[in-house]
>>> print(open('input_1.cif').read())   # mmCIF, C-alpha atoms; chains and numbers go by the auth columns
data_coords
loop_
_atom_site.group_PDB
_atom_site.id
_atom_site.type_symbol
_atom_site.label_atom_id
_atom_site.label_comp_id
_atom_site.label_asym_id
_atom_site.label_seq_id
_atom_site.Cartn_x
_atom_site.Cartn_y
_atom_site.Cartn_z
_atom_site.B_iso_or_equiv
_atom_site.auth_seq_id
_atom_site.auth_asym_id
ATOM 1 C CA ASP A 1 133.701 25.707 88.186 0.00 96 A
ATOM 2 C CA ALA A 2 135.166 24.357 91.433 0.00 97 A
ATOM 3 C CA GLY A 3 133.507 27.040 93.540 0.00 98 A
ATOM 4 C CA VAL A 4 135.277 28.295 96.653 0.00 99 A
ATOM 5 C CA THR A 5 137.914 25.887 97.905 0.00 100 A
ATOM 6 C CA GLN A 6 139.624 25.923 101.290 0.00 101 A
ATOM 7 C CA SER A 7 142.574 23.995 102.634 0.00 102 A
ATOM 8 C CA PRO A 8 143.160 22.166 104.817 0.00 103 A
ATOM 9 C CA THR A 9 139.771 20.781 105.872 0.00 104 A
ATOM 10 C CA HIS A 10 140.916 19.915 109.395 0.00 105 A
ATOM 11 C CA LEU A 11 143.839 21.048 111.486 0.00 106 A
ATOM 12 C CA ILE A 12 145.040 20.403 115.039 0.00 107 A
ATOM 13 C CA LYS A 13 147.512 22.850 116.566 0.00 108 A
ATOM 14 C CA THR A 14 149.049 23.383 119.976 0.00 109 A
ATOM 15 C CA ARG A 15 148.418 26.534 122.004 0.00 110 A
ATOM 16 C CA GLY A 16 150.987 29.213 121.114 0.00 111 A
ATOM 17 C CA GLN A 17 151.624 27.929 117.603 0.00 112 A
ATOM 18 C CA GLN A 18 150.866 29.723 114.361 0.00 113 A
ATOM 19 C CA VAL A 19 148.522 28.539 111.588 0.00 114 A
ATOM 20 C CA THR A 20 147.879 29.470 107.947 0.00 115 A
ATOM 21 C CA LEU A 21 144.595 28.718 106.224 0.00 116 A
ATOM 22 C CA ARG A 22 144.115 29.047 102.470 0.00 117 A
ATOM 23 C CA CYS A 23 141.232 29.965 100.193 0.00 118 A
ATOM 24 C CA SER A 24 140.722 30.024 96.427 0.00 119 A
ATOM 25 C CA PRO A 25 137.725 32.092 95.345 0.00 120 A
ATOM 26 C CA LYS A 26 135.068 31.184 92.829 0.00 121 A
ATOM 27 C CA SER A 27 136.069 31.920 89.247 0.00 122 A
ATOM 28 C CA GLY A 28 135.334 35.548 88.348 0.00 123 A
ATOM 29 C CA HIS A 29 135.257 36.753 91.961 0.00 124 A
ATOM 30 C CA ASP A 30 137.650 39.433 93.180 0.00 125 A
ATOM 31 C CA THR A 31 136.760 39.774 96.871 0.00 126 A
ATOM 32 C CA VAL A 32 137.521 37.343 99.680 0.00 127 A
ATOM 33 C CA SER A 33 136.144 37.494 103.215 0.00 128 A
ATOM 34 C CA TRP A 34 136.990 35.352 106.235 0.00 129 A
ATOM 35 C CA TYR A 35 134.625 34.340 109.028 0.00 130 A
ATOM 36 C CA GLN A 36 134.992 32.464 112.305 0.00 131 A
ATOM 37 C CA GLN A 37 132.137 30.233 113.417 0.00 132 A
ATOM 38 C CA ALA A 38 131.983 28.823 116.935 0.00 133 A
ATOM 39 C CA LEU A 39 129.796 25.815 117.598 0.00 134 A
ATOM 40 C CA GLY A 40 126.106 26.724 117.612 0.00 135 A
ATOM 41 C CA GLN A 41 126.744 30.332 116.553 0.00 136 A
ATOM 42 C CA GLY A 42 126.434 32.301 113.349 0.00 137 A
ATOM 43 C CA PRO A 43 129.660 33.175 111.506 0.00 138 A
ATOM 44 C CA GLN A 44 131.540 36.275 112.734 0.00 139 A
ATOM 45 C CA PHE A 45 133.317 38.529 110.224 0.00 140 A
ATOM 46 C CA ILE A 46 137.113 38.638 110.544 0.00 141 A
ATOM 47 C CA PHE A 47 138.193 40.710 107.517 0.00 142 A
ATOM 48 C CA GLN A 48 137.731 41.266 103.802 0.00 143 A
ATOM 49 C CA TYR A 49 140.312 41.595 101.017 0.00 144 A
ATOM 50 C CA TYR A 50 139.958 43.322 97.666 0.00 145 A
ATOM 51 C CA GLU A 51 142.744 44.207 95.242 0.00 146 A
ATOM 52 C CA GLU A 52 145.277 42.729 97.686 0.00 147 A
ATOM 53 C CA GLU A 53 144.300 45.221 100.393 0.00 148 A
ATOM 54 C CA GLU A 54 142.397 44.690 103.644 0.00 149 A
ATOM 55 C CA ARG A 55 139.190 46.528 102.925 0.00 150 A
ATOM 56 C CA GLN A 56 137.283 45.959 106.165 0.00 151 A
ATOM 57 C CA ARG A 57 138.000 44.361 109.513 0.00 152 A
ATOM 58 C CA GLY A 58 135.854 42.961 112.298 0.00 153 A
ATOM 59 C CA ASN A 59 136.544 42.864 116.045 0.00 154 A
ATOM 60 C CA PHE A 60 139.437 40.448 115.996 0.00 155 A
ATOM 61 C CA PRO A 61 142.889 41.015 117.536 0.00 156 A
ATOM 62 C CA ASP A 62 146.015 41.679 115.509 0.00 157 A
ATOM 63 C CA ARG A 63 146.963 38.014 115.947 0.00 158 A
ATOM 64 C CA PHE A 64 144.628 37.501 113.001 0.00 159 A
ATOM 65 C CA SER A 65 146.162 38.685 109.741 0.00 160 A
ATOM 66 C CA GLY A 66 145.627 37.976 106.104 0.00 161 A
ATOM 67 C CA HIS A 67 146.840 38.368 102.597 0.00 162 A
ATOM 68 C CA GLN A 68 145.378 38.354 99.116 0.00 163 A
ATOM 69 C CA PHE A 69 147.451 37.373 96.111 0.00 164 A
ATOM 70 C CA PRO A 70 147.275 38.724 92.539 0.00 165 A
ATOM 71 C CA ASN A 71 145.229 35.668 91.505 0.00 166 A
ATOM 72 C CA TYR A 72 142.645 36.667 94.201 0.00 167 A
ATOM 73 C CA SER A 73 143.401 33.681 96.436 0.00 168 A
ATOM 74 C CA SER A 74 143.827 34.476 100.110 0.00 169 A
ATOM 75 C CA GLU A 75 145.445 33.322 103.320 0.00 170 A
ATOM 76 C CA LEU A 76 144.377 33.737 106.924 0.00 171 A
ATOM 77 C CA ASN A 77 147.156 33.639 109.502 0.00 172 A
ATOM 78 C CA VAL A 78 146.634 33.303 113.225 0.00 173 A
ATOM 79 C CA ASN A 79 149.587 33.740 115.594 0.00 174 A
ATOM 80 C CA ALA A 80 149.964 32.714 119.233 0.00 175 A
ATOM 81 C CA LEU A 81 146.985 30.372 119.089 0.00 176 A
ATOM 82 C CA LEU A 82 144.630 30.259 122.057 0.00 177 A
ATOM 83 C CA LEU A 83 142.229 27.483 123.000 0.00 178 A
ATOM 84 C CA GLY A 84 139.409 29.904 122.171 0.00 179 A
ATOM 85 C CA ASP A 85 140.552 30.083 118.559 0.00 180 A
ATOM 86 C CA SER A 86 139.152 26.597 118.027 0.00 181 A
ATOM 87 C CA ALA A 87 136.366 27.051 115.479 0.00 182 A
ATOM 88 C CA LEU A 88 135.261 26.521 111.895 0.00 183 A
ATOM 89 C CA TYR A 89 136.920 29.095 109.647 0.00 184 A
ATOM 90 C CA LEU A 90 134.958 29.988 106.556 0.00 185 A
ATOM 91 C CA CYS A 91 136.063 31.772 103.427 0.00 186 A
ATOM 92 C CA ALA A 92 133.570 33.595 101.219 0.00 187 A
ATOM 93 C CA SER A 93 134.095 35.069 97.786 0.00 188 A
ATOM 94 C CA SER A 94 132.066 37.616 95.862 0.00 189 A
ATOM 95 C CA TYR A 95 132.331 40.055 92.993 0.00 190 A
ATOM 96 C CA LEU A 96 132.510 43.603 94.339 0.00 191 A
ATOM 97 C CA GLY A 97 130.712 45.091 91.353 0.00 192 A
ATOM 98 C CA GLY A 98 127.933 42.525 91.370 0.00 193 A
ATOM 99 C CA GLY A 99 124.718 42.137 93.335 0.00 194 A
ATOM 100 C CA GLY A 100 126.601 41.056 96.422 0.00 195 A
ATOM 101 C CA GLU A 101 125.892 37.319 96.505 0.00 196 A
ATOM 102 C CA ALA A 102 128.527 35.551 98.597 0.00 197 A
ATOM 103 C CA PHE A 103 129.633 31.973 98.074 0.00 198 A
ATOM 104 C CA PHE A 104 131.305 30.016 100.842 0.00 199 A
ATOM 105 C CA GLY A 105 133.853 27.242 100.950 0.00 200 A
ATOM 106 C CA GLN A 106 133.513 24.057 102.981 0.00 201 A
ATOM 107 C CA GLY A 107 135.490 25.535 105.851 0.00 202 A
ATOM 108 C CA THR A 108 138.574 24.589 107.851 0.00 203 A
ATOM 109 C CA ARG A 109 137.984 23.044 111.276 0.00 204 A
ATOM 110 C CA LEU A 110 140.762 24.286 113.571 0.00 205 A
ATOM 111 C CA THR A 111 141.251 22.613 116.922 0.00 206 A
ATOM 112 C CA VAL A 112 143.730 24.140 119.379 0.00 207 A
ATOM 113 C CA VAL A 113 144.886 21.820 122.172 0.00 208 A
ATOM 114 C CA LYS B 1 124.520 48.726 114.695 0.00 1463 B
ATOM 115 C CA GLN B 2 122.962 45.954 112.632 0.00 1464 B
ATOM 116 C CA GLU B 3 121.619 42.961 114.538 0.00 1465 B
ATOM 117 C CA VAL B 4 120.031 39.893 112.982 0.00 1466 B
ATOM 118 C CA THR B 5 117.736 37.553 114.879 0.00 1467 B
ATOM 119 C CA GLN B 6 116.306 34.225 113.797 0.00 1468 B
ATOM 120 C CA ILE B 7 113.288 32.584 115.359 0.00 1469 B
ATOM 121 C CA PRO B 8 112.857 29.769 116.239 0.00 1470 B
ATOM 122 C CA ALA B 9 116.321 28.514 117.202 0.00 1471 B
ATOM 123 C CA ALA B 10 115.222 24.945 116.507 0.00 1472 B
ATOM 124 C CA LEU B 11 112.272 23.355 114.758 0.00 1473 B
ATOM 125 C CA SER B 12 111.180 19.742 114.367 0.00 1474 B
ATOM 126 C CA VAL B 13 108.446 18.835 111.885 0.00 1475 B
ATOM 127 C CA PRO B 14 107.082 15.665 110.273 0.00 1476 B
ATOM 128 C CA GLU B 15 107.884 15.023 106.653 0.00 1477 B
ATOM 129 C CA GLY B 16 105.540 16.733 104.192 0.00 1478 B
ATOM 130 C CA GLU B 17 104.777 19.796 106.296 0.00 1479 B
ATOM 131 C CA ASN B 18 105.090 23.315 104.963 0.00 1480 B
ATOM 132 C CA LEU B 19 107.121 25.540 107.269 0.00 1481 B
ATOM 133 C CA VAL B 20 108.297 29.112 107.730 0.00 1482 B
ATOM 134 C CA LEU B 21 111.599 30.324 109.144 0.00 1483 B
ATOM 135 C CA ASN B 22 111.873 33.901 110.348 0.00 1484 B
ATOM 136 C CA CYS B 23 114.666 36.443 110.176 0.00 1485 B
ATOM 137 C CA SER B 24 114.571 40.002 111.513 0.00 1486 B
ATOM 138 C CA PHE B 25 117.110 42.807 111.253 0.00 1487 B
ATOM 139 C CA THR B 26 117.358 46.139 113.053 0.00 1488 B
ATOM 140 C CA ASP B 27 118.747 48.418 110.312 0.00 1489 B
ATOM 141 C CA SER B 28 116.458 48.502 107.260 0.00 1490 B
ATOM 142 C CA ALA B 29 119.116 50.191 105.069 0.00 1491 B
ATOM 143 C CA ILE B 30 120.166 46.939 103.425 0.00 1492 B
ATOM 144 C CA TYR B 31 120.713 46.311 99.723 0.00 1493 B
ATOM 145 C CA ASN B 32 120.100 42.564 99.855 0.00 1494 B
ATOM 146 C CA LEU B 33 119.465 39.618 102.148 0.00 1495 B
ATOM 147 C CA GLN B 34 120.803 36.124 101.676 0.00 1496 B
ATOM 148 C CA TRP B 35 119.586 32.781 103.006 0.00 1497 B
ATOM 149 C CA PHE B 36 122.055 29.917 103.516 0.00 1498 B
ATOM 150 C CA ARG B 37 121.897 26.270 104.448 0.00 1499 B
ATOM 151 C CA GLN B 38 124.582 24.644 106.598 0.00 1500 B
ATOM 152 C CA ASP B 39 124.939 20.905 107.192 0.00 1501 B
ATOM 153 C CA PRO B 40 126.746 19.863 110.416 0.00 1502 B
ATOM 154 C CA GLY B 41 130.446 20.731 110.304 0.00 1503 B
ATOM 155 C CA LYS B 42 130.213 21.927 106.704 0.00 1504 B
ATOM 156 C CA GLY B 43 130.370 25.240 104.886 0.00 1505 B
ATOM 157 C CA LEU B 44 127.443 27.439 103.862 0.00 1506 B
ATOM 158 C CA THR B 45 125.403 26.818 100.733 0.00 1507 B
ATOM 159 C CA SER B 46 123.681 29.862 99.268 0.00 1508 B
ATOM 160 C CA LEU B 47 119.956 29.224 98.832 0.00 1509 B
ATOM 161 C CA LEU B 48 118.446 32.547 97.822 0.00 1510 B
ATOM 162 C CA LEU B 49 119.540 36.171 97.462 0.00 1511 B
ATOM 163 C CA ILE B 50 116.857 38.859 97.566 0.00 1512 B
ATOM 164 C CA GLN B 51 117.773 42.339 96.361 0.00 1513 B
ATOM 165 C CA SER B 52 116.276 45.269 98.275 0.00 1514 B
ATOM 166 C CA SER B 53 114.094 46.109 95.259 0.00 1515 B
ATOM 167 C CA GLN B 54 112.507 42.652 95.306 0.00 1516 B
ATOM 168 C CA ARG B 55 109.838 41.337 97.624 0.00 1517 B
ATOM 169 C CA GLU B 56 110.165 37.627 96.842 0.00 1518 B
ATOM 170 C CA GLN B 57 112.567 35.113 95.371 0.00 1519 B
ATOM 171 C CA THR B 58 111.805 31.487 94.587 0.00 1520 B
ATOM 172 C CA SER B 59 113.928 28.407 93.974 0.00 1521 B
ATOM 173 C CA GLY B 60 112.148 25.073 93.717 0.00 1522 B
ATOM 174 C CA ARG B 61 110.343 24.374 97.004 0.00 1523 B
ATOM 175 C CA LEU B 62 111.894 27.444 98.630 0.00 1524 B
ATOM 176 C CA ASN B 63 110.400 30.910 98.687 0.00 1525 B
ATOM 177 C CA ALA B 64 111.961 33.863 100.465 0.00 1526 B
ATOM 178 C CA SER B 65 110.250 37.171 101.106 0.00 1527 B
ATOM 179 C CA LEU B 66 111.664 40.511 102.202 0.00 1528 B
ATOM 180 C CA ASP B 67 109.920 43.404 103.925 0.00 1529 B
ATOM 181 C CA LYS B 68 112.539 46.101 104.476 0.00 1530 B
ATOM 182 C CA SER B 69 110.209 48.530 106.195 0.00 1531 B
ATOM 183 C CA SER B 70 109.407 46.063 108.973 0.00 1532 B
ATOM 184 C CA GLY B 71 112.912 44.574 109.040 0.00 1533 B
ATOM 185 C CA ARG B 72 111.755 41.027 108.325 0.00 1534 B
ATOM 186 C CA SER B 73 112.394 38.167 105.948 0.00 1535 B
ATOM 187 C CA THR B 74 110.823 34.718 105.845 0.00 1536 B
ATOM 188 C CA LEU B 75 111.965 31.490 104.227 0.00 1537 B
ATOM 189 C CA TYR B 76 109.081 29.227 103.268 0.00 1538 B
ATOM 190 C CA ILE B 77 109.839 25.550 102.640 0.00 1539 B
ATOM 191 C CA ALA B 78 107.070 23.583 100.952 0.00 1540 B
ATOM 192 C CA ALA B 79 106.503 19.856 101.410 0.00 1541 B
ATOM 193 C CA SER B 80 109.501 19.364 103.697 0.00 1542 B
ATOM 194 C CA GLN B 81 111.712 16.277 103.294 0.00 1543 B
ATOM 195 C CA PRO B 82 114.223 14.609 105.649 0.00 1544 B
ATOM 196 C CA GLY B 83 116.968 15.876 103.332 0.00 1545 B
ATOM 197 C CA ASP B 84 115.979 19.438 104.271 0.00 1546 B
ATOM 198 C CA SER B 85 117.309 18.819 107.802 0.00 1547 B
ATOM 199 C CA ALA B 86 120.076 21.370 108.368 0.00 1548 B
ATOM 200 C CA THR B 87 120.709 24.769 109.945 0.00 1549 B
ATOM 201 C CA TYR B 88 119.333 27.715 108.002 0.00 1550 B
ATOM 202 C CA LEU B 89 121.048 31.090 108.329 0.00 1551 B
ATOM 203 C CA CYS B 90 120.071 34.515 107.072 0.00 1552 B
ATOM 204 C CA ALA B 91 122.600 37.305 106.540 0.00 1553 B
ATOM 205 C CA VAL B 92 122.588 40.963 105.549 0.00 1554 B
ATOM 206 C CA PRO B 93 125.514 43.078 104.304 0.00 1555 B
ATOM 207 C CA HIS B 94 126.594 45.934 106.561 0.00 1556 B
ATOM 208 C CA GLN B 95 129.044 48.823 106.282 0.00 1557 B
ATOM 209 C CA GLY B 96 130.559 48.016 102.939 0.00 1558 B
ATOM 210 C CA GLY B 97 129.979 44.361 102.488 0.00 1559 B
ATOM 211 C CA LYS B 98 130.660 42.317 105.611 0.00 1560 B
ATOM 212 C CA LEU B 99 127.803 39.934 106.301 0.00 1561 B
ATOM 213 C CA ILE B 100 125.966 40.008 109.609 0.00 1562 B
ATOM 214 C CA PHE B 101 124.438 36.617 110.383 0.00 1563 B
ATOM 215 C CA GLY B 102 121.645 35.448 112.588 0.00 1564 B
ATOM 216 C CA GLN B 103 122.236 32.546 114.970 0.00 1565 B
ATOM 217 C CA GLY B 104 120.438 30.180 112.641 0.00 1566 B
ATOM 218 C CA THR B 105 117.416 27.889 112.867 0.00 1567 B
ATOM 219 C CA GLU B 106 118.194 24.195 113.240 0.00 1568 B
ATOM 220 C CA LEU B 107 115.582 22.261 111.274 0.00 1569 B
ATOM 221 C CA SER B 108 114.856 18.570 111.738 0.00 1570 B
ATOM 222 C CA VAL B 109 112.382 16.876 109.380 0.00 1571 B
ATOM 223 C CA LYS B 110 111.245 13.494 110.692 0.00 1572 B
ATOM 224 C CA PRO B 111 110.343 10.696 108.248 0.00 1573 B
#
>>> encode(input="input_1.cif", output="structure tokens")
Amino acid sequence: DAGVTQSPTHLIKTRGQQVTLRCSPKSGHDTVSWYQQALGQGPQFIFQYYEEEERQRGNFPDRFSGHQFPNYSSELNVNALLLGDSALYLCASSYLGGGGEAFFGQGTRLTVV
Amino acid sequence: KQEVTQIPAALSVPEGENLVLNCSFTDSAIYNLQWFRQDPGKGLTSLLLIQSSQREQTSGRLNASLDKSSGRSTLYIAASQPGDSATYLCAVPHQGGKLIFGQGTELSVKP
């Protein structure tokens, strides 16, 4: 089992550009959540997808959007990038009907210049 | 609103010491609590998940306890090793499944 995989691992973008991050969940998991982690801080919840629908959303602007595919993989899109969007983006997968344990990927380090 | 606090923010100990990391939460209506380890610039590795019906969970040299009524959890690490150096995060689910994290405790174990 490959666990949760994210791509790419690192990314440098220019302010104003758009970026797409990708996540494949752990085998058997049906729920994907995205988090943003600034340096020295705990991860902050962006949104969660289940059955291809956004199930829950945190306090992030509409510039942040996502998608879940029929195979449960997910994308996070960020439009009109700001310098403040520079962070580690983490994907977590879980099984909604299970005990709630979340497994995380290795993250994507996004740098906006 | 659920808030999670971890104390201390940083901890430095000599190799071989036993240590305790603390996590507190404001809303006791949780159904589990999860402890994670994070190495610099890396993702989160799940260490232990404690269900609300449990009081303790053990994995090797790690032992986590949960006291819902007082809103506290502790992570006990026995016989610490330099390889244990990392940031340790606790998290609780809130309002349907999103995880609320503490700020983490940065642990350094000196040889």
>>> closest_residue(input="input_1.cif", among="B:Ser1490, B:Gln1496, B:Ser1531, B:Ser1515", to="chain A", atoms="only C-alpha atoms")
B:Gln1496
>>> atom_distance(input="input_1.cif", atom1="CA of Phe1487 in chain B", atom2="CA of Gly179 in chain A")
28.0 Å
>>> atom_distance(input="input_1.cif", atom1="CA of Asn174 in chain A", atom2="CA of Phe155 in chain A")
12.2 Å
>>> closest_residue(input="input_1.cif", among="B:Gly1564, B:Gly1505, B:Pro1573, B:Gly1533", to="Leu1551 in chain B", atoms="only C-alpha atoms")
B:Gly1564
>>> atom_distance(input="input_1.cif", atom1="CA of Ile107 in chain A", atom2="CA of Gln131 in chain A")
15.9 Å
>>> closest_atom_pairs(input="input_1.cif", of="chain B", to="chain A", cutoff="9 Å", atoms="all atoms listed in the file", output="tab-separated table")
residue	atom	partner	partner_atom	distance
B:Tyr1493	CA	A:Gly195	CA	8.6
B:Asn1494	CA	A:Gly195	CA	7.5
B:Leu1495	CA	A:Glu196	CA	8.9
B:Gln1496	CA	A:Glu196	CA	7.4
B:Gly1503	CA	A:Leu183	CA	7.7
B:Lys1504	CA	A:Gln201	CA	5.4
B:Gly1505	CA	A:Gln201	CA	3.9
B:Leu1506	CA	A:Phe199	CA	5.5
B:Thr1507	CA	A:Phe199	CA	6.7
B:Ser1508	CA	A:Phe198	CA	6.4
B:Leu1510	CA	A:Glu196	CA	8.9
B:Leu1511	CA	A:Glu196	CA	6.5
B:Gln1513	CA	A:Gly194	CA	7.6
B:Leu1551	CA	A:Gly137	CA	7.5
B:Pro1555	CA	A:Gly195	CA	8.2
B:Gln1557	CA	A:Gln151	CA	8.7
B:Gly1558	CA	A:Gln151	CA	7.7
B:Gly1559	CA	A:Gly195	CA	7.7
B:Lys1560	CA	A:Phe140	CA	6.5
B:Leu1561	CA	A:Phe140	CA	6.9
B:Ile1562	CA	A:Gln139	CA	7.4
B:Phe1563	CA	A:Gly137	CA	5.6
B:Gly1564	CA	A:Gly137	CA	5.8
B:Gln1565	CA	A:Gly137	CA	4.5
B:Gly1566	CA	A:Gly137	CA	6.4
>>> residues_around(input="input_1.cif", residues="Leu1528 in chain B", least_positions_apart="3", cutoff="8 Å", atoms="only C-alpha atoms", output="mmCIF file with C-alpha atoms, in the frame of the given file")
data_model
loop_
_atom_site.group_PDB
_atom_site.id
_atom_site.type_symbol
_atom_site.label_atom_id
_atom_site.label_comp_id
_atom_site.auth_asym_id
_atom_site.auth_seq_id
_atom_site.Cartn_x
_atom_site.Cartn_y
_atom_site.Cartn_z
ATOM 1 C CA LEU B 1495 119.465 39.618 102.148
ATOM 2 C CA ILE B 1512 116.857 38.859 97.566
ATOM 3 C CA SER B 1514 116.276 45.269 98.275
ATOM 4 C CA GLN B 1516 112.507 42.652 95.306
ATOM 5 C CA ARG B 1517 109.838 41.337 97.624
ATOM 6 C CA GLU B 1518 110.165 37.627 96.842
ATOM 7 C CA ARG B 1534 111.755 41.027 108.325
ATOM 8 C CA SER B 1535 112.394 38.167 105.948
ATOM 9 C CA THR B 1536 110.823 34.718 105.845
#
>>> resolve_selection(input="input_1.cif", expression="the PyMOL selection byres ((chain A and resi 181) around 8)", output="ChimeraX atom specification")
/A:133,177-180,182-183,204-207
>>> resolve_selection(input="input_1.cif", expression="the PyMOL selection byres ((chain A and resi 163) around 10)", output="PyMOL selection string")
chain A and resi 117-119+125-127+143-149+161-162+164-171
>>> resolve_selection(input="input_1.cif", expression="the PyMOL selection byres ((chain B and resi 1484) around 9)", output="ChimeraX atom specification")
/B:1467-1470,1482-1483,1485-1486,1534-1538,1552,1567
>>> residues_around(input="input_1.cif", residues="Arg1523 in chain B", least_positions_apart="3", cutoff="9 Å", atoms="only C-alpha atoms", output="ChimeraX atom specification")
/B:1520,1538-1542
>>> closest_residue(input="input_1.cif", among="A:Gly192, A:Gln132, A:Ser160, A:Val208", to="Leu106 in chain A", atoms="all atoms listed in the file")
A:Val208
>>> closest_residue(input="input_1.cif", among="A:Asn154, A:Lys108, A:Tyr190, A:Gly98", to="Val173 in chain A", atoms="all atoms listed in the file")
A:Lys108
>>> residues_around(input="input_1.cif", residues="Asp1501 in chain B", least_positions_apart="6", cutoff="10 Å", atoms="only C-alpha atoms", output="list in words")
Thr1507, Asp1546, Ser1547, Ala1548, Thr1549, Tyr1550 and Glu1568 of chain B
>>> residues_around(input="input_1.cif", residues="Lys1463 in chain B", least_positions_apart="5", cutoff="10 Å", atoms="all atoms listed in the file", output="PyMOL selection string")
chain B and resi 1488-1489+1556-1557
>>> axis_aligned_box(input="input_1.cif", around="range 1463-1478 of chain B", padding_each_side="3 Å", output="lines of an AutoDock Vina configuration file")
center_x = 115.0
center_y = 31.9
center_z = 110.7
size_x = 25.0
size_y = 39.7
size_z = 19.0
